[in-house]
Amino acid sequence: MTLEDYFYSFEDKLDYFPGRHNYVSAYKTFKDFMDREVHKETKAMTLVIDEGDIYLNDHSADHIRMVIEKVSRILWHEDEQILDLNPLECFILLSAIQIHDAGHVIGGREHHEYNAKEFLKRYDSYVVGSPEKKIIYEVARAHSGKDDPIGKLPQSEDISNFRVRMRLLAALLRLGDEMADEASRASAFLFEQNKIVKGSRLFHAFSMSLNSFLPHVDTQEIGMRFNLNKSRCSEVFKKPTKDGGEVDTYLLDEIYERTFKTFRECLYYNRFVSDKLRFNSVSVTIEFYDDDNFIPFFDTIGYRLQEKGYPRLKEENVYALCGKDLEKDGAKLDGEFVKNNMRADGNQEQ
Amino acid sequence: MEIKSNNPFEIKTPETNSAEDILELFVDVFPDFWQVKETGHTFLNGPRGSGKSMMFRYMMPDCQMLKTGSKACDLDYFAVYVGIKQTNINNTDLERLSNHATLIINEHLLSTFVIANVLGSIRQTFNDDLNDYTEEIRRFYRDTFVEVVVQSGYEGGIEKDCDGCEGNNLFLRMINVVESMEKECKKYCNRLALNRDLATPYTGALTDFVDFVSPIITGLKQISLFPQGKPFYILIDDAGYLNLAQTKVLNTWVSYRSTKDICLKISAQLDYKTHLTANDKRIEAPHDYSEINISTVYSSKTSDYNDRIKEIVRKRLEKYLNLKIEPEMFFPQDEEQEAAINAIAKKLAEDNYDPERPYASGDAARRYARPDFIKDLQKNHKSGATYSYAGFDQLVAISSGIIRYFLAPAQEMFSVMVAKNPNTEIREITPGVQDEVIKRYSDNFLQGQFDVIRKDQGVKNFTLEKADKLYNLVDSLGELFHVILVSNASERRVFSVALTDSPDEELYEILDKCEHYGYIHKRTIGNKEGTGRNRMYVLSRVLSPHFKLDPMSFAGYKFMDSATLKIALTSKKKFLQAMSKGIAQDTPAQPTLFDNPDFESND
C-alpha cells in the first residue's frame, strides 16, 4: 500500500478532515490536473526556458509516483500501517509532492521551488483554504536548498484542530525526492544515441546506472546499488561547474560524490524525524559488468557511509563555525581584540 | 496682568509631537543606549515612561533630517514607526484561532500591519515629495509590489497599470491594498468568533516575512529617496501587546538576521511574552540581537541619568518659561533640613575620628547622618515635622531611572504652584510643594498602581490572590527597609534583597509582575562564596517617600533565602519577625564596615 492508497482509504471517513470536507476528492481532481497539464510539460518547458543547455532527467508523473513510492517505503512497517501520519498530513504531503518540481514549468530550473504556489490556486477554495495551501507550498519549497530550509519551518501548525507536522512532512518529501532517482528516470535511448546535451549526459548516466535505491526501515539503512558497464565506466563526462565552466569527470567519481550527498541528506533528514524513522547509514554496492554477458570486468566495490568516531565538523575552529557572531567591524573577537578594546568607564566604545 | 504659563513638564505622546518639538526637547540618551542606533536587531526593555517611544520618535527620518540638515537619502538609516498599542491585530477573536493556522494567520496579520505602517509612515513623512520619485516608485510597484501581492493569493484585484499615477497616490494605492489584505483576514477571524464552525476555510491572501515583508522593504530601498546601502529600521513599539503567536512570529523574523536590509528595533514594557520562535528555537542576545534594559542601565553606577534629567529640565525651562537656570535652583532643597543633617554629619565625623582609620569618620558621616535625622524626626513625631523629599537631586533619585517618574510629579508641582500663585511667574517650585506632591505621587504609585493590578487580575491570568501577595511583598520589603534605616545596624541604607537560592514558580511570577509594574527592578550580584551570581531585587526609589526611606543612599542589600521572602507574600508581620534577628536595634551605632554578616555594602 502506498501513501496515496492509504490516503484514499479515508474518502468516506470525512470526520478525519477539517470541516468534514472531502480532501480526498479534492486531491484526486488536483492530481488529475497536474498529470494532464503540468508534469508532462516540465521537461519541455525547462528546455525552452533554459535554452537547451539542460536536458533534465524524468520530472513527469512517473517521477511523482516514484517519490510517493519512496516516501511510502520509508513509512512502511511490518504491521502495514502508515506510521503516525494523520489523513490531513497525508493530504499535505501528497499535494506537496505533486507540486515540488512543478515550478520548472513557470520559471525554469533556478529557484523552481518558489514558483509552485501558482498551481495551488487550482484547489477548490471551498475545501482547501489558504492556510493549507501555504503549508503545502512551504513543505514543497523545503525540498531543495542548503540554507536549512526545513529548520526554518515551524515544527507544526494546526488546521481546524488537526495537527500538521510541517518539518516531518518536509523531511519525508526531501528524502523521498532524493531517493526517487533510478534507472527508469534516465532517457536511455537518447543517451545511447548520444542525443543528450553534454552538460546533462553525466546525470543521465548516473540515473541509468542506479539499479536500486531503497530505504531499509528494519536496519535503518539506505541501500544503493549501481551497475556500470565498460562504456559508461570509461567515458569522460563533462560536468558543469557553478561558474559556467565544465570539468572532466568519470561516472565512478560522480557516484562517490552523489552517494556522499545522499548520506548528507540522510543526516539532515534525521534532524527532523523520530528515532524509528531515522536512517543511520547508506550502504553502496557498485558492480561492473556489461549487459550482454554479465561477466564482471572489475571487482565489486562496496562501502558504507555512516558516522563514526568522534564527531567532526567541516569548520576547524569556533570562528569559522560561528562567523559574524564572533566578529566586530570585520575583526575577530579574540583575546587580543578584547584586550585592546577594553573600556575604562563601563560604556561600550562607539 | 495675567501670566500664561505653559507647563514645562507636560508629558505629550512622542508620536504626536512635531519634529521641531522633539528636537527641542530630546536629550541625547543614545550614548547610554548606543545599540539602538547600531545596525542589528535590538530589544529595548523598560517600564512605561522610561523614554522608549521618545527615542524611537527621535530616530524617525523627519527628526533626523532636521537634526542633520541632510536629505533622507543621506541618513545613516531610515526608520519607520510601528506602534503595536494602536492596533487591533491582537484582538480577542484571534484567540479563537488557537487550533487553526495560528502562526500562519498571525504572521499574515503582522506582515500586512507592518508593511501598511511602513508605507503609511513614508507617505506621512514625504507626502507630495514622493512625486519627485514617481518613476522609481512605479518601477517598484510594477516589479515588486504587484508581484508579491499576486503571489500572496490576494483576490481583491490589483490594478497593474500605474502609468497615470504619481508617487504619492501610488503609495496611497499600495496602502489601501495592504490594508485590504489585512481586513480580509480580520473579517474571517470575526466570522470565526460568531460561528464556532471552522468548516469555512480562509481563502484570502496570506503573507509572511520571506515572501512579502522582505521583498517589499528590499524593493523600497532601491528608490533613491532612501539611503542607499543602508538598512531600514522598523521600530516596533510596545511589542508586549502582541499575542503569543505574533510574538513568536516576530522572533522568527529576528532569527533571520536580515540586518543588512532590515533591522528590527523592538520595545517592550518588560512584558515581552517569549523569546521562542515559530519553530520553537530560542533567540538569544548577543548573537541574534542586542538587548537594553533601561532600568538596569540607569541604576548602574556609571550611568549618566542625573545629567540626562538635568538637561531635560534645562531644555524645558528654557523652551516654555524662558528661564536659563540650573535645575537645582528651580527645585530647591529644604535648606533647614540640610543644615540639620550637615550638623549631624559633622558630629558623627568628630565622634568617629580614628587616626589609624582615616576613612572612618567620613564613612560614618555619609552612612548615618541622614538615617539618624530621619530617626530623630520619627522619635519626635509629635512635633509634626517630617522628612522633606524636596530638592532636585532627591527628586531625580526618586524617579528611579524612569524619566516619566520625574516629569509627572514635576508637572503636578508646577500646576500646584500656578494654582497657589496666580498671575505670578513661576521661577521655582517651593520645597513645601515639592514635598507635598512627591509624597502623594509615591503613595499613589503603590496604591493607584495596585488598583490597576487588581483590575488586571483574571484578564492576564493573574489571580486576585496573587495580586494581594504582590502587594504584601512590596509592603513588607518597604517596611523592612524602613526598620533597618532607623535601626542601629552598621549598614542602614538597605534597599535591595539578594536571594541565596532560586525562587519557586509562584515567587518568581510575583517578582516578575513586581518588575513589570515598576515596583522593583532586577539585577544580579556575585554570591558570598564567589562561586556564582545571585538574583537581586531592588525596590523602586519612587516608593521611598511612601515607606519613609532615604532615596539618596540605596547602597546595601540584604541576603535572604527565598523561603524567607515567601513569608512576605502572606504576612508582613511574620516576615518582619523572621528578619528582626538580623537587625541590630539596641546596639550603639559604632560603625565598622561589613561588621554584620547579613548585610553587604554595594558602595
# chains A, B, ... in the order shown; residues from 1 in each chain; ligands from 1
>>> interface_residues(of="chain A", to="chain B", cutoff="7 Å", atoms="only C-alpha atoms", output="number ranges by chain")
A: 18-19, 125-131, 152-155, 157-161, 325, 345-346
>>> select_by_dssp(residues="stretch 93-174 of chain A", states="strand (DSSP E or B)", output="MDAnalysis selection string")
chainID A and resid 157:159 162:164
>>> residues_around(residues="B:Ser290", least_positions_apart="3", cutoff="9 Å", atoms="only C-alpha atoms", output="PyMOL selection string")
chain B and resi 35-36+40-44+284-287
>>> closest_residue(among="A:Ile222, A:Cys266, A:Met342, A:Cys90", to="A:Tyr27", atoms="only C-alpha atoms")
A:Cys90
>>> closest_residue(among="A:Gln220, A:Thr29, A:Thr42, A:Ser156", to="A:Leu120", atoms="only C-alpha atoms")
A:Thr29
>>> select_by_dssp(residues="stretch 206-350 of chain A", states="helix (DSSP H, G or I)", output="CSV table (one decimal) with C-alpha atoms, in the first residue's frame")
chain,number,residue,atom,x,y,z
A,206,PHE,CA,24.2,8.2,-13.1
A,207,SER,CA,20.4,7.5,-13.1
A,208,MET,CA,20.8,4.7,-15.7
A,209,SER,CA,23.5,3.0,-13.5
A,230,LYS,CA,32.5,-0.7,-19.7
A,231,SER,CA,31.3,2.1,-21.9
A,232,ARG,CA,30.0,4.3,-19.1
A,233,CYS,CA,32.9,3.4,-16.9
A,234,SER,CA,35.5,4.6,-19.3
A,251,LEU,CA,31.0,8.2,-13.6
A,252,LEU,CA,32.5,6.4,-10.7
A,253,ASP,CA,33.8,9.6,-9.2
A,254,GLU,CA,30.3,11.1,-9.6
A,255,ILE,CA,28.8,8.1,-7.8
A,256,TYR,CA,31.1,8.6,-4.9
A,257,GLU,CA,30.1,12.3,-4.8
A,258,ARG,CA,26.4,11.6,-5.1
A,259,THR,CA,26.3,8.8,-2.5
A,260,PHE,CA,28.1,11.1,-0.1
A,261,LYS,CA,25.4,13.8,-0.9
A,262,THR,CA,22.7,11.2,-0.1
A,263,PHE,CA,24.4,10.5,3.2
A,264,ARG,CA,24.4,14.2,4.0
A,265,GLU,CA,20.7,14.4,3.1
A,266,CYS,CA,20.1,11.5,5.4
A,267,LEU,CA,21.8,13.2,8.3
A,268,TYR,CA,19.7,16.4,7.5
A,269,TYR,CA,16.5,14.3,7.4
A,270,ASN,CA,17.4,12.7,10.7
A,275,ASP,CA,14.3,7.7,16.2
A,276,LYS,CA,12.3,4.9,14.5
A,277,LEU,CA,12.2,6.8,11.2
A,318,VAL,CA,34.9,28.4,16.5
A,319,TYR,CA,35.5,31.5,14.3
A,320,ALA,CA,34.8,29.5,11.1
A,321,LEU,CA,31.7,27.9,12.6
A,322,CYS,CA,30.1,31.0,14.3
A,323,GLY,CA,31.1,33.6,11.7
A,324,LYS,CA,29.7,37.1,12.4
A,325,ASP,CA,28.8,36.2,16.0
A,326,LEU,CA,32.5,36.4,16.8
A,335,GLY,CA,41.7,37.8,23.3
A,336,GLU,CA,43.9,40.3,21.7
A,337,PHE,CA,40.9,42.3,20.4
A,338,VAL,CA,39.2,42.4,23.8
A,339,LYS,CA,42.5,43.4,25.5
A,340,ASN,CA,42.9,46.2,23.1
>>> closest_residue(among="B:Glu336, B:Arg404, B:Pro227, B:Lys12", to="B:Lys71", atoms="only C-alpha atoms")
B:Pro227
>>> residues_around(residues="stretch 545-549 of chain B", least_positions_apart="6", cutoff="7 Å", atoms="only C-alpha atoms", output="list in words")
Lys439, Ser442, Asp443, Gly478, Glu479 and His482 of chain B
>>> residues_around(residues="B:Lys346", least_positions_apart="4", cutoff="12 Å", atoms="only C-alpha atoms", output="number ranges by chain")
B: 339-342, 350-353, 361-366, 368-370
>>> write_last_selection(atoms="N, CA and C atoms", output="PDB file, in the first residue's frame")
ATOM      1  N   ALA B 339      20.737  71.713  56.668  1.00  0.00           N
ATOM      2  CA  ALA B 339      21.642  72.241  57.690  1.00  0.00           C
ATOM      3  C   ALA B 339      21.674  71.297  58.889  1.00  0.00           C
ATOM      4  N   ALA B 340      20.518  70.812  59.279  1.00  0.00           N
ATOM      5  CA  ALA B 340      20.438  69.893  60.423  1.00  0.00           C
ATOM      6  C   ALA B 340      21.189  68.603  60.133  1.00  0.00           C
ATOM      7  N   ILE B 341      21.028  68.082  58.895  1.00  0.00           N
ATOM      8  CA  ILE B 341      21.716  66.838  58.521  1.00  0.00           C
ATOM      9  C   ILE B 341      23.235  67.064  58.499  1.00  0.00           C
ATOM     10  N   ASN B 342      23.647  68.216  57.997  1.00  0.00           N
ATOM     11  CA  ASN B 342      25.073  68.528  57.967  1.00  0.00           C
ATOM     12  C   ASN B 342      25.660  68.597  59.375  1.00  0.00           C
ATOM     13  N   GLU B 350      33.304  63.766  63.894  1.00  0.00           N
ATOM     14  CA  GLU B 350      34.157  64.021  65.063  1.00  0.00           C
ATOM     15  C   GLU B 350      34.179  62.808  65.990  1.00  0.00           C
ATOM     16  N   ASP B 351      32.973  62.235  66.249  1.00  0.00           N
ATOM     17  CA  ASP B 351      32.864  61.099  67.171  1.00  0.00           C
ATOM     18  C   ASP B 351      33.639  59.892  66.674  1.00  0.00           C
ATOM     19  N   ASN B 352      33.723  59.756  65.365  1.00  0.00           N
ATOM     20  CA  ASN B 352      34.344  58.550  64.816  1.00  0.00           C
ATOM     21  C   ASN B 352      35.761  58.790  64.294  1.00  0.00           C
ATOM     22  N   TYR B 353      36.345  59.874  64.711  1.00  0.00           N
ATOM     23  CA  TYR B 353      37.700  60.150  64.243  1.00  0.00           C
ATOM     24  C   TYR B 353      38.657  59.095  64.789  1.00  0.00           C
ATOM     25  N   SER B 361      35.820  58.374  59.772  1.00  0.00           N
ATOM     26  CA  SER B 361      34.955  59.498  60.157  1.00  0.00           C
ATOM     27  C   SER B 361      34.038  59.902  58.999  1.00  0.00           C
ATOM     28  N   GLY B 362      34.607  60.023  57.815  1.00  0.00           N
ATOM     29  CA  GLY B 362      33.803  60.400  56.637  1.00  0.00           C
ATOM     30  C   GLY B 362      32.775  59.337  56.318  1.00  0.00           C
ATOM     31  N   ASP B 363      33.191  58.103  56.485  1.00  0.00           N
ATOM     32  CA  ASP B 363      32.289  56.979  56.205  1.00  0.00           C
ATOM     33  C   ASP B 363      31.075  57.022  57.129  1.00  0.00           C
ATOM     34  N   ALA B 364      31.319  57.251  58.395  1.00  0.00           N
ATOM     35  CA  ALA B 364      30.228  57.295  59.375  1.00  0.00           C
ATOM     36  C   ALA B 364      29.282  58.446  59.054  1.00  0.00           C
ATOM     37  N   ALA B 365      29.860  59.607  58.720  1.00  0.00           N
ATOM     38  CA  ALA B 365      29.027  60.775  58.422  1.00  0.00           C
ATOM     39  C   ALA B 365      28.141  60.488  57.224  1.00  0.00           C
ATOM     40  N   ARG B 366      28.737  59.888  56.217  1.00  0.00           N
ATOM     41  CA  ARG B 366      27.993  59.615  54.975  1.00  0.00           C
ATOM     42  C   ARG B 366      26.900  58.567  55.211  1.00  0.00           C
ATOM     43  N   TYR B 368      25.433  57.562  58.161  1.00  0.00           N
ATOM     44  CA  TYR B 368      24.443  57.627  59.232  1.00  0.00           C
ATOM     45  C   TYR B 368      23.758  58.977  59.411  1.00  0.00           C
ATOM     46  N   ALA B 369      24.298  60.036  58.800  1.00  0.00           N
ATOM     47  CA  ALA B 369      23.738  61.365  59.085  1.00  0.00           C
ATOM     48  C   ALA B 369      22.258  61.435  58.718  1.00  0.00           C
ATOM     49  N   ARG B 370      21.928  61.048  57.491  1.00  0.00           N
ATOM     50  CA  ARG B 370      20.543  61.175  57.032  1.00  0.00           C
ATOM     51  C   ARG B 370      19.630  60.177  57.764  1.00  0.00           C
TER      52      ARG B 370
END
>>> closest_residue(among="A:Arg312, A:Arg163, A:Arg174, A:Lys40", to="A:Gly145", atoms="only C-alpha atoms")
A:Arg174
>>> atom_distance(atom1="atom CA of B:Glu147", atom2="atom CA of A:Lys133")
18.1 Å
>>> closest_residue(among="B:Leu480, B:Met60, B:Leu23, B:Leu119", to="B:Lys574", atoms="only C-alpha atoms")
B:Leu480
